[in-house]
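Just run_2.tsv here, TSV, C-alpha atoms:
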```tsv
chain	number	residue	atom	x	y	z
A	1	MET	CA	34.89	20.08	4.33
A	2	ASP	CA	31.11	20.33	3.74
A	3	ILE	CA	29.63	22.74	1.20
A	4	THR	CA	28.15	25.02	3.87
A	5	ARG	CA	31.53	25.58	5.45
A	6	ARG	CA	33.18	26.14	2.05
A	7	ILE	CA	30.64	28.84	1.23
A	8	GLY	CA	30.94	30.35	4.71
A	9	LEU	CA	34.70	30.66	4.45
A	10	LYS	CA	34.27	32.96	1.45
A	11	ILE	CA	32.42	35.52	3.60
A	12	PRO	CA	34.87	37.39	5.89
A	13	ALA	CA	32.51	37.82	8.86
A	14	ILE	CA	31.48	34.16	8.84
A	15	ARG	CA	35.07	33.01	8.30
A	16	ARG	CA	36.11	35.02	11.37
A	17	LEU	CA	33.38	33.44	13.49
A	18	LEU	CA	34.34	29.94	12.35
A	19	ASP	CA	38.02	30.63	13.13
A	20	GLU	CA	37.14	31.94	16.58
A	21	ARG	CA	34.98	28.88	17.25
A	22	ASP	CA	37.76	26.52	16.18
A	23	THR	CA	40.29	28.40	18.36
A	24	LEU	CA	37.98	28.16	21.38
A	25	ARG	CA	37.41	24.46	20.80
A	26	ALA	CA	41.17	23.83	20.63
A	27	LYS	CA	41.77	25.90	23.76
A	28	LEU	CA	39.12	24.03	25.73
A	29	ALA	CA	40.47	20.70	24.52
A	30	ARG	CA	43.97	21.60	25.75
A	31	ALA	CA	42.54	22.77	29.05
A	32	MET	CA	40.62	19.55	29.59
A	33	GLU	CA	43.63	17.45	28.63
A	34	ARG	CA	45.86	19.22	31.17
A	35	GLN	CA	43.21	19.06	33.86
A	36	GLY	CA	42.48	15.41	33.16
A	37	ASP	CA	38.80	16.26	32.70
A	38	SER	CA	36.30	14.48	30.50
A	39	GLU	CA	34.36	16.40	27.85
A	40	THR	CA	31.45	16.71	30.23
A	41	SER	CA	33.50	18.26	33.08
A	42	PRO	CA	34.30	21.98	33.30
A	43	ALA	CA	37.90	23.00	32.67
A	44	SER	CA	39.76	25.29	35.05
A	45	PRO	CA	38.32	28.82	35.01
A	46	TYR	CA	41.87	30.14	34.64
A	47	TYR	CA	41.81	29.18	30.97
A	48	TYR	CA	38.98	31.63	30.34
A	49	PHE	CA	40.82	34.83	29.52
A	50	ASN	CA	41.18	37.06	26.48
A	51	SER	CA	44.51	38.08	24.98
A	52	SER	CA	46.06	39.48	21.83
A	53	PHE	CA	49.27	37.44	22.20
A	54	ASP	CA	50.19	33.88	23.13
A	55	VAL	CA	50.02	34.06	26.93
A	56	GLU	CA	50.80	30.39	27.45
A	57	GLY	CA	53.74	30.60	25.07
A	58	VAL	CA	55.19	33.58	26.94
A	59	VAL	CA	54.91	31.76	30.28
A	60	LEU	CA	56.59	28.65	28.89
A	61	ASP	CA	59.30	30.64	27.10
A	62	HIS	CA	60.56	32.03	30.42
A	63	ALA	CA	60.99	28.64	32.12
A	64	ALA	CA	64.44	28.21	33.63
A	65	ALA	CA	66.35	25.01	32.96
A	66	ASP	CA	68.30	22.91	35.47
A	67	LEU	CA	66.95	24.53	38.63
A	68	THR	CA	68.41	23.46	41.95
A	69	PRO	CA	66.17	23.44	45.03
A	70	HIS	CA	67.17	25.33	48.17
A	71	GLU	CA	66.44	23.70	51.51
A	72	ASP	CA	64.98	26.91	53.01
A	73	TYR	CA	62.82	28.07	50.09
A	74	LEU	CA	60.17	27.05	47.62
A	75	THR	CA	61.69	27.71	44.19
A	76	ASN	CA	59.32	28.64	41.37
A	77	TYR	CA	59.75	27.69	37.73
A	78	LEU	CA	61.77	30.85	37.02
A	79	GLY	CA	64.17	30.16	39.86
A	80	VAL	CA	62.64	32.73	42.24
A	81	ARG	CA	63.08	31.74	45.90
A	82	ILE	CA	60.03	32.17	48.15
A	83	HIS	CA	60.22	31.55	51.90
A	84	PRO	CA	57.27	29.52	53.21
A	85	LYS	CA	56.86	31.93	56.12
A	86	TYR	CA	55.47	34.48	53.67
A	87	PHE	CA	52.34	32.32	53.33
A	88	PRO	CA	51.73	30.40	56.58
A	89	GLY	CA	49.28	27.57	56.08
A	90	ILE	CA	49.72	27.71	52.30
A	91	LEU	CA	53.41	27.00	51.73
A	92	ASP	CA	54.03	24.98	54.90
A	93	GLY	CA	56.24	21.99	54.13
A	94	ARG	CA	57.17	23.17	50.63
A	95	ALA	CA	60.71	24.34	51.39
A	96	GLY	CA	63.27	22.44	49.33
A	97	THR	CA	60.86	21.90	46.41
A	98	ILE	CA	60.61	23.31	42.89
A	99	GLU	CA	57.21	24.49	41.75
A	100	PRO	CA	55.98	23.52	38.26
A	101	THR	CA	55.05	26.00	35.53
A	102	PRO	CA	51.96	28.01	36.60
A	103	ILE	CA	49.63	26.72	33.89
A	104	PRO	CA	46.83	27.36	34.47
A	105	ALA	CA	47.78	28.86	37.88
A	106	ASN	CA	49.81	28.49	41.04
A	107	PHE	CA	49.15	29.47	44.64
A	108	HIS	CA	49.10	33.22	44.02
A	109	ALA	CA	48.32	33.98	40.35
A	110	ASP	CA	46.93	32.56	37.12
A	111	MET	CA	48.68	32.38	33.79
A	112	ALA	CA	46.92	35.49	32.46
A	113	GLU	CA	48.68	37.59	35.11
A	114	TRP	CA	51.96	35.72	34.69
A	115	GLY	CA	51.79	36.16	30.93
A	116	ALA	CA	50.99	39.87	31.11
A	117	ALA	CA	53.84	40.61	33.52
A	118	LEU	CA	56.39	38.55	31.57
A	119	HIS	CA	55.19	40.11	28.31
A	120	ALA	CA	56.33	43.46	29.73
A	121	VAL	CA	59.78	41.93	30.23
A	122	ASP	CA	59.82	40.78	26.61
A	123	LEU	CA	58.96	44.28	25.40
A	124	ALA	CA	61.77	45.96	27.39
A	125	ARG	CA	65.08	46.90	25.77
A	126	GLY	CA	68.34	47.45	27.61
A	127	ASN	CA	66.76	48.29	30.96
A	128	PHE	CA	63.86	46.92	32.96
A	129	THR	CA	62.37	49.13	35.66
A	130	VAL	CA	59.30	47.84	37.49
A	131	ILE	CA	57.07	49.48	40.08
A	132	GLU	CA	54.82	47.23	42.14
A	133	LEU	CA	52.09	48.98	44.14
A	134	GLY	CA	50.92	46.76	46.97
A	135	CYS	CA	54.08	44.69	46.58
A	136	GLY	CA	53.65	42.38	49.60
A	137	TRP	CA	56.77	40.20	49.71
A	138	GLY	CA	57.88	41.63	46.37
A	139	CYS	CA	56.13	38.99	44.28
A	140	TRP	CA	56.17	40.68	40.87
A	141	LEU	CA	59.36	42.57	41.62
A	142	ASN	CA	61.20	39.29	42.09
A	143	ILE	CA	59.40	37.41	39.31
A	144	THR	CA	59.89	40.01	36.58
A	145	GLY	CA	63.27	41.06	37.96
A	146	VAL	CA	64.66	37.54	37.74
A	147	ALA	CA	63.17	37.07	34.26
A	148	ALA	CA	64.64	40.40	33.08
A	149	ARG	CA	68.05	39.66	34.58
A	150	ARG	CA	68.14	36.38	32.69
A	151	ARG	CA	67.48	38.40	29.51
A	152	LYS	CA	70.57	40.51	30.36
A	153	LEU	CA	68.55	43.65	31.13
A	154	ASP	CA	69.67	46.23	33.68
A	155	VAL	CA	67.10	45.82	36.47
A	156	HIS	CA	65.65	48.22	39.02
A	157	LEU	CA	62.84	47.22	41.40
A	158	ILE	CA	60.54	49.75	43.10
A	159	GLY	CA	57.93	48.61	45.61
A	160	VAL	CA	55.29	50.22	47.84
A	161	GLU	CA	53.64	48.28	50.67
A	162	GLY	CA	51.57	49.29	53.69
A	163	ASP	CA	52.16	46.33	55.99
A	164	PRO	CA	55.49	46.61	57.88
A	165	GLY	CA	55.92	42.84	58.03
A	166	HIS	CA	55.31	42.47	54.31
A	167	ILE	CA	57.78	45.21	53.38
A	168	ALA	CA	60.33	43.38	55.56
A	169	PHE	CA	59.57	40.22	53.57
A	170	ALA	CA	60.19	42.17	50.34
A	171	ARG	CA	63.59	43.36	51.55
A	172	GLU	CA	64.51	39.82	52.50
A	173	ALA	CA	63.18	38.27	49.28
A	174	THR	CA	64.93	40.67	46.90
A	175	ALA	CA	68.21	39.99	48.70
A	176	ALA	CA	67.61	36.22	48.67
A	177	ASN	CA	67.05	36.41	44.91
A	178	GLY	CA	70.36	38.14	44.29
A	179	PHE	CA	69.40	41.78	43.81
A	180	ARG	CA	71.86	44.37	45.07
A	181	PRO	CA	70.68	47.13	47.41
A	182	ASP	CA	71.26	49.74	44.69
A	183	GLN	CA	68.82	47.84	42.44
A	184	VAL	CA	65.97	47.95	44.94
A	185	SER	CA	63.85	50.86	46.25
A	186	LEU	CA	61.20	49.84	48.79
A	187	HIS	CA	58.77	52.29	50.39
A	188	HIS	CA	56.66	51.62	53.49
A	189	GLY	CA	53.51	53.48	52.54
A	190	LEU	CA	50.56	53.53	50.17
A	191	ALA	CA	50.01	54.43	46.53
A	192	ALA	CA	47.66	57.25	45.58
A	193	ALA	CA	47.11	59.73	42.77
A	194	SER	CA	48.61	62.51	44.90
A	195	PRO	CA	50.77	62.69	48.05
A	196	GLY	CA	49.16	62.68	51.48
A	197	ILE	CA	48.47	60.56	54.59
A	198	ALA	CA	46.19	57.52	54.88
A	199	LEU	CA	45.36	54.87	57.48
A	200	PHE	CA	46.42	51.25	57.08
A	201	PRO	CA	45.14	48.39	59.31
A	202	ARG	CA	47.53	46.46	61.55
A	203	GLN	CA	47.75	42.68	61.68
A	204	GLN	CA	49.38	40.57	64.36
A	205	GLN	CA	51.28	38.23	62.03
A	206	ALA	CA	52.63	39.20	58.64
A	207	GLY	CA	51.58	36.85	55.86
A	208	VAL	CA	48.20	35.93	57.35
A	209	SER	CA	46.20	38.57	55.51
A	210	TRP	CA	47.09	39.90	52.06
A	211	GLY	CA	43.88	41.86	51.46
A	212	LEU	CA	44.13	44.66	54.01
A	213	GLU	CA	42.36	47.79	52.76
A	214	PRO	CA	43.65	51.31	53.47
A	215	ILE	CA	41.43	54.21	54.47
A	216	PHE	CA	42.00	57.32	52.37
A	217	ASN	CA	40.78	60.78	53.27
A	218	ALA	CA	39.84	59.81	56.81
A	219	GLY	CA	38.51	62.66	58.93
A	220	GLU	CA	40.36	63.93	61.98
A	221	ALA	CA	38.03	62.16	64.41
A	222	ALA	CA	38.37	58.82	62.61
A	223	ARG	CA	42.14	59.14	62.48
A	224	THR	CA	42.37	59.97	66.18
A	225	LYS	CA	40.12	57.06	67.12
A	226	ALA	CA	42.02	54.53	64.97
A	227	LEU	CA	45.42	55.61	66.22
A	228	LYS	CA	44.28	55.60	69.85
A	229	ALA	CA	42.85	52.09	69.46
A	230	ARG	CA	46.06	51.01	67.71
A	231	THR	CA	44.07	49.34	64.93
A	232	HIS	CA	45.70	51.40	62.16
A	233	ASP	CA	48.90	53.25	61.34
A	234	GLU	CA	49.23	56.56	59.52
A	235	LEU	CA	51.28	56.08	56.36
A	236	THR	CA	52.66	58.32	53.64
A	237	MET	CA	50.92	58.18	50.27
A	238	PHE	CA	53.24	58.05	47.25
A	239	SER	CA	52.19	59.16	43.77
A	240	ILE	CA	53.41	57.45	40.62
A	241	ALA	CA	55.15	60.69	39.69
A	242	GLN	CA	57.15	60.58	42.94
A	243	LEU	CA	58.07	56.92	42.54
A	244	SER	CA	59.19	57.32	38.93
A	245	GLU	CA	60.95	60.67	39.34
A	246	SER	CA	64.48	59.27	38.89
A	247	PHE	CA	63.61	57.16	35.85
A	248	ALA	CA	62.91	58.11	32.25
A	249	ARG	CA	60.72	55.06	31.70
A	250	ILE	CA	58.84	52.47	33.73
A	251	ASP	CA	58.66	49.21	31.79
A	252	LEU	CA	56.02	47.67	34.05
A	253	LEU	CA	53.66	49.16	36.61
A	254	HIS	CA	51.90	46.39	38.57
A	255	ILE	CA	48.95	47.56	40.66
A	256	ASP	CA	47.16	45.49	43.30
A	257	ILE	CA	45.88	47.87	45.96
A	258	GLN	CA	42.67	46.23	47.15
A	259	GLY	CA	40.05	48.31	45.41
A	260	GLY	CA	41.72	51.66	44.74
A	261	GLU	CA	42.87	50.85	41.21
A	262	ALA	CA	40.29	52.85	39.23
A	263	GLU	CA	40.78	56.07	41.20
A	264	LEU	CA	44.57	55.79	41.01
A	265	ILE	CA	44.55	55.28	37.25
A	266	ALA	CA	42.05	58.07	36.59
A	267	GLY	CA	44.11	60.49	38.65
A	268	SER	CA	47.46	59.52	37.11
A	269	LEU	CA	46.82	59.51	33.36
A	270	ASP	CA	49.38	62.17	32.48
A	271	ILE	CA	52.33	60.48	34.21
A	272	LEU	CA	51.20	57.07	32.96
A	273	ARG	CA	51.16	58.30	29.36
A	274	GLU	CA	54.55	59.95	29.75
A	275	LYS	CA	56.51	57.19	31.50
A	276	VAL	CA	54.72	53.84	31.88
A	277	ALA	CA	55.10	51.38	28.99
A	278	TYR	CA	52.96	48.54	30.38
A	279	LEU	CA	50.28	48.22	33.06
A	280	VAL	CA	49.20	45.04	34.84
A	281	ILE	CA	46.27	45.64	37.17
A	282	GLY	CA	44.69	43.29	39.68
A	283	THR	CA	40.98	44.10	39.77
A	284	HIS	CA	38.67	43.63	42.73
A	285	SER	CA	35.21	44.09	41.24
A	286	ARG	CA	33.41	44.14	37.92
A	287	GLN	CA	32.65	47.81	38.57
A	288	ILE	CA	36.37	48.57	38.78
A	289	GLU	CA	36.98	46.62	35.59
A	290	GLY	CA	34.36	48.65	33.73
A	291	SER	CA	35.75	51.90	35.07
A	292	LEU	CA	39.27	50.96	33.94
A	293	PHE	CA	37.94	50.10	30.48
A	294	GLY	CA	36.35	53.51	30.18
A	295	THR	CA	39.37	55.42	31.46
A	296	LEU	CA	42.18	53.61	29.66
A	297	LEU	CA	40.43	52.96	26.35
A	298	GLY	CA	39.38	56.60	26.35
A	299	ALA	CA	43.03	57.60	26.88
A	300	GLY	CA	44.19	55.48	23.93
A	301	TRP	CA	45.73	52.55	25.82
A	302	ILE	CA	45.53	49.07	24.23
A	303	LEU	CA	44.11	46.16	26.20
A	304	GLU	CA	46.17	43.01	25.56
A	305	VAL	CA	45.17	40.62	28.37
A	306	GLU	CA	41.94	40.41	30.32
A	307	ARG	CA	40.41	37.93	32.72
A	308	PRO	CA	37.42	39.24	34.66
A	309	ALA	CA	37.10	38.75	38.37
A	310	ILE	CA	35.54	35.39	39.22
A	311	LEU	CA	32.29	35.75	41.14
A	312	ALA	CA	30.13	33.65	43.40
A	313	VAL	CA	26.43	34.31	43.80
A	314	ASP	CA	24.35	33.40	46.83
A	315	ALA	CA	21.92	35.05	49.24
A	316	ARG	CA	24.45	37.81	49.86
A	317	GLY	CA	24.45	38.68	46.18
A	318	PRO	CA	27.47	38.54	43.83
A	319	TYR	CA	30.90	38.75	45.42
A	320	VAL	CA	34.45	38.27	44.15
A	321	THR	CA	36.18	34.97	44.92
A	322	VAL	CA	39.21	35.51	42.66
A	323	ASP	CA	40.51	38.93	41.60
A	324	GLY	CA	40.58	39.76	37.91
A	325	VAL	CA	43.55	40.95	35.86
A	326	GLN	CA	44.10	43.37	33.00
A	327	GLY	CA	47.24	44.02	30.91
A	328	TRP	CA	47.50	47.32	29.03
A	329	ARG	CA	50.10	48.60	26.53
A	330	ASN	CA	50.94	52.29	26.14
A	331	PRO	CA	51.13	52.84	22.36
A	332	ARG	CA	53.08	56.07	22.86
A	333	LEU	CA	56.00	54.12	24.34
A	334	LEU	CA	55.31	50.73	22.73
A	335	PRO	CA	53.92	51.39	19.27
A	336	GLY	CA	52.89	48.59	16.96
```

The structure in this file should be written as structure tokens.
Amino acid sequence: MDITRRIGLKIPAIRRLLDERDTLRAKLARAMERQGDSETSPASPYYYFNSSFDVEGVVLDHAAADLTPHEDYLTNYLGVRIHPKYFPGILDGRAGTIEPTPIPANFHADMAEWGAALHAVDLARGNFTVIELGCGWGCWLNITGVAARRRKLDVHLIGVEGDPGHIAFAREATAANGFRPDQVSLHHGLAAASPGIALFPRQQQAGVSWGLEPIFNAGEAARTKALKARTHDELTMFSIAQLSESFARIDLLHIDIQGGEAELIAGSLDILREKVAYLVIGTHSRQIEGSLFGTLLGAGWILEVERPAILAVDARGPYVTVDGVQGWRNPRLLPG
């Protein structure tokens, strides 16, 4: 150790900077090693996240041993069965295979999101109740539900989804992964801060588009036009208070609702503080991320995982190519 470093280590602020630099170097080295990159090549962007706990360790700790493939499904590293028809063109030909650990990512999420969701499982005691808003095929319901069941927790899965084909996938997937009907509550509708009616676009084949955006507060003329043209359906909006009414505590609320996250959070702070222990939010713009920071930090929540949305910049200006993710702990329900 040179004399400059020895002196620097005696000053707390400099020691902290040196430790952070060494941690970053080690992290990048591991990333390059896994990616097979040279020192001059960029590592996967999915290693560039911030966290207050060992995300990679959490993901690895939940790996299931001695998995057996099923001829009709792709099986992920937890043992969750996923039918290839849920993702046509992406999972074609992968039935009968077992997917490796999602480090740094797999076909639908990076390890920051995996780690945040599984961290919520680790923090649960006795029961594990999860609500997934924009649940699609029940991705995080099945993932965290299977992980919680393996930890001997009493599981209940609650999902909200606007696409009728996707909610049918969720019913099928939860059954295929061994959850009883009394453990699953699925709602064909949309999530909002308060009850009401919204418009949701139709698609011809379920699984083709996973980014359909609802229209809230549409005027009478717009609603009439959309329904007449058969481009949209009118769906019930469910509040978090409605969805959680029968439960004293929600161990994980996962939100991925294609741009409505900030408004939903801002309008639901009271019920979130009262009942929701952990939040994992898929973000769809840097503006949304900043708004969530202001709202949740101002309400006393603790940010534990954060990877910003990945952008591309060209003549159109900046646009999101990969959604971001945030993981938040409610210190009222999960102190310390």

Requested in this report: Work out how far CA of Tyr47 in chain A is from CA of Asn106 in chain A, in Å to one decimal.
Outcome: 12.9 Å

Report task. List the neighbours of Lys85 in chain A out to 12 Å using all atoms listed in the file; skip same-chain residues closer than 3 positions along the sequence, and give me the result as number ranges by chain. Result -> A: 72-74, 81-82, 88-95, 137, 165-166, 168-169, 172-173, 205-208

Query raised in the report: Which value, in Å to one decimal, gives the distance between CA of Phe53 in chain A and CA of Arg329 in chain A?
Result: 12.0 Å

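Computed from the coordinates, the CA of Leu153 in chain A to CA of Ala105 in chain A distance equals 26.4 Å.
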
Query raised in the report: Using all atoms listed in the file, which residue out of A:Leu235, A:Asp251, A:Thr75, A:Thr321 lies closest to Gly145 in chain A?
Result: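 Smallest distance to Gly145 in chain A is found for A:Asp251.
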
Query raised in the report: A:Phe87, A:Phe247, A:Trp114, A:Phe200: which is nearest Trp140 in chain A, counting all atoms listed in the file?
Result: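 For Trp140 in chain A, the nearest of the given residues is A:Trp114.
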
Requested in this report: Just the residues within 10 Å of Glu263 in chain A, please, counting only C-alpha atoms, with nothing from its chain fewer than 6 positions along; format it as a ChimeraX atom specification.
Outcome: /A:192-193,288,291-292,295

Report task. Would you please work out which residue, of A:Thr236, A:Gly134, A:Asn76, A:Leu303, is nearest to Phe107 in chain A when using only C-alpha atoms? Result ->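 Of A:Thr236, A:Gly134, A:Asn76, A:Leu303, the one nearest Phe107 in chain A is A:Asn76, counting only C-alpha atoms.
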
Query raised in the report: So which residues touch Gly300 in chain A within 10 Å, counting all atoms listed in the file, skipping near sequence neighbours fewer than 4 positions away, as a PyMOL selection string?
Result: chain A and resi 273+295-296+329-332

Query - Nearest residue to Ala116 in chain A from the set A:Glu56, A:Asp163, A:Asp314, A:Glu274 (distances using all atoms listed in the file) - result: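 The closest residue to Ala116 in chain A is A:Glu56.
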
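Restricting the calculation to all atoms listed in the file, the smallest distance between Val59 in chain A and any of A:His119, A:Arg286, A:Arg180, A:Arg125 is found for A:His119.
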
**Report entry** A:Gly267, A:Glu113, A:Val121, A:Ser285 ranked by distance to Ala312 in chain A, top pick (using all atoms listed in the file)
**Finding:**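 Ranking A:Gly267, A:Glu113, A:Val121, A:Ser285 by distance to Ala312 in chain A, first place goes to A:Ser285.
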
**Report entry** 12 Å contact set for Gly178 in chain A, only C-alpha atoms, chain neighbours under 4 positions out, as JSON, numbers by chain
**Finding:** {"A": [79, 80, 81, 142, 145, 146, 149, 150, 155, 171, 172, 173, 174, 182, 183, 184]}

**Report entry** Local residues around (47.1, 46.3, 37.1), at most 12 Å away, using all atoms listed in the file, as an NGL selection string
**Finding:** :A and (112-114 or 116-117 or 131-135 or 140 or 252-262 or 264-265 or 276 or 278-284 or 288-289 or 292-293 or 296 or 303 or 305-307 or 323-329)

What are the centre and the three edge lengths of an axis-aligned box that wraps all atoms of range 42-61 of chain A in the file, given that 3 Å is added to every side, written as lines of an AutoDock Vina configuration file and rounded to one decimal in Å?
```
center_x = 46.8
center_y = 30.7
center_z = 28.4
size_x = 31.0
size_y = 23.5
size_z = 19.2
```
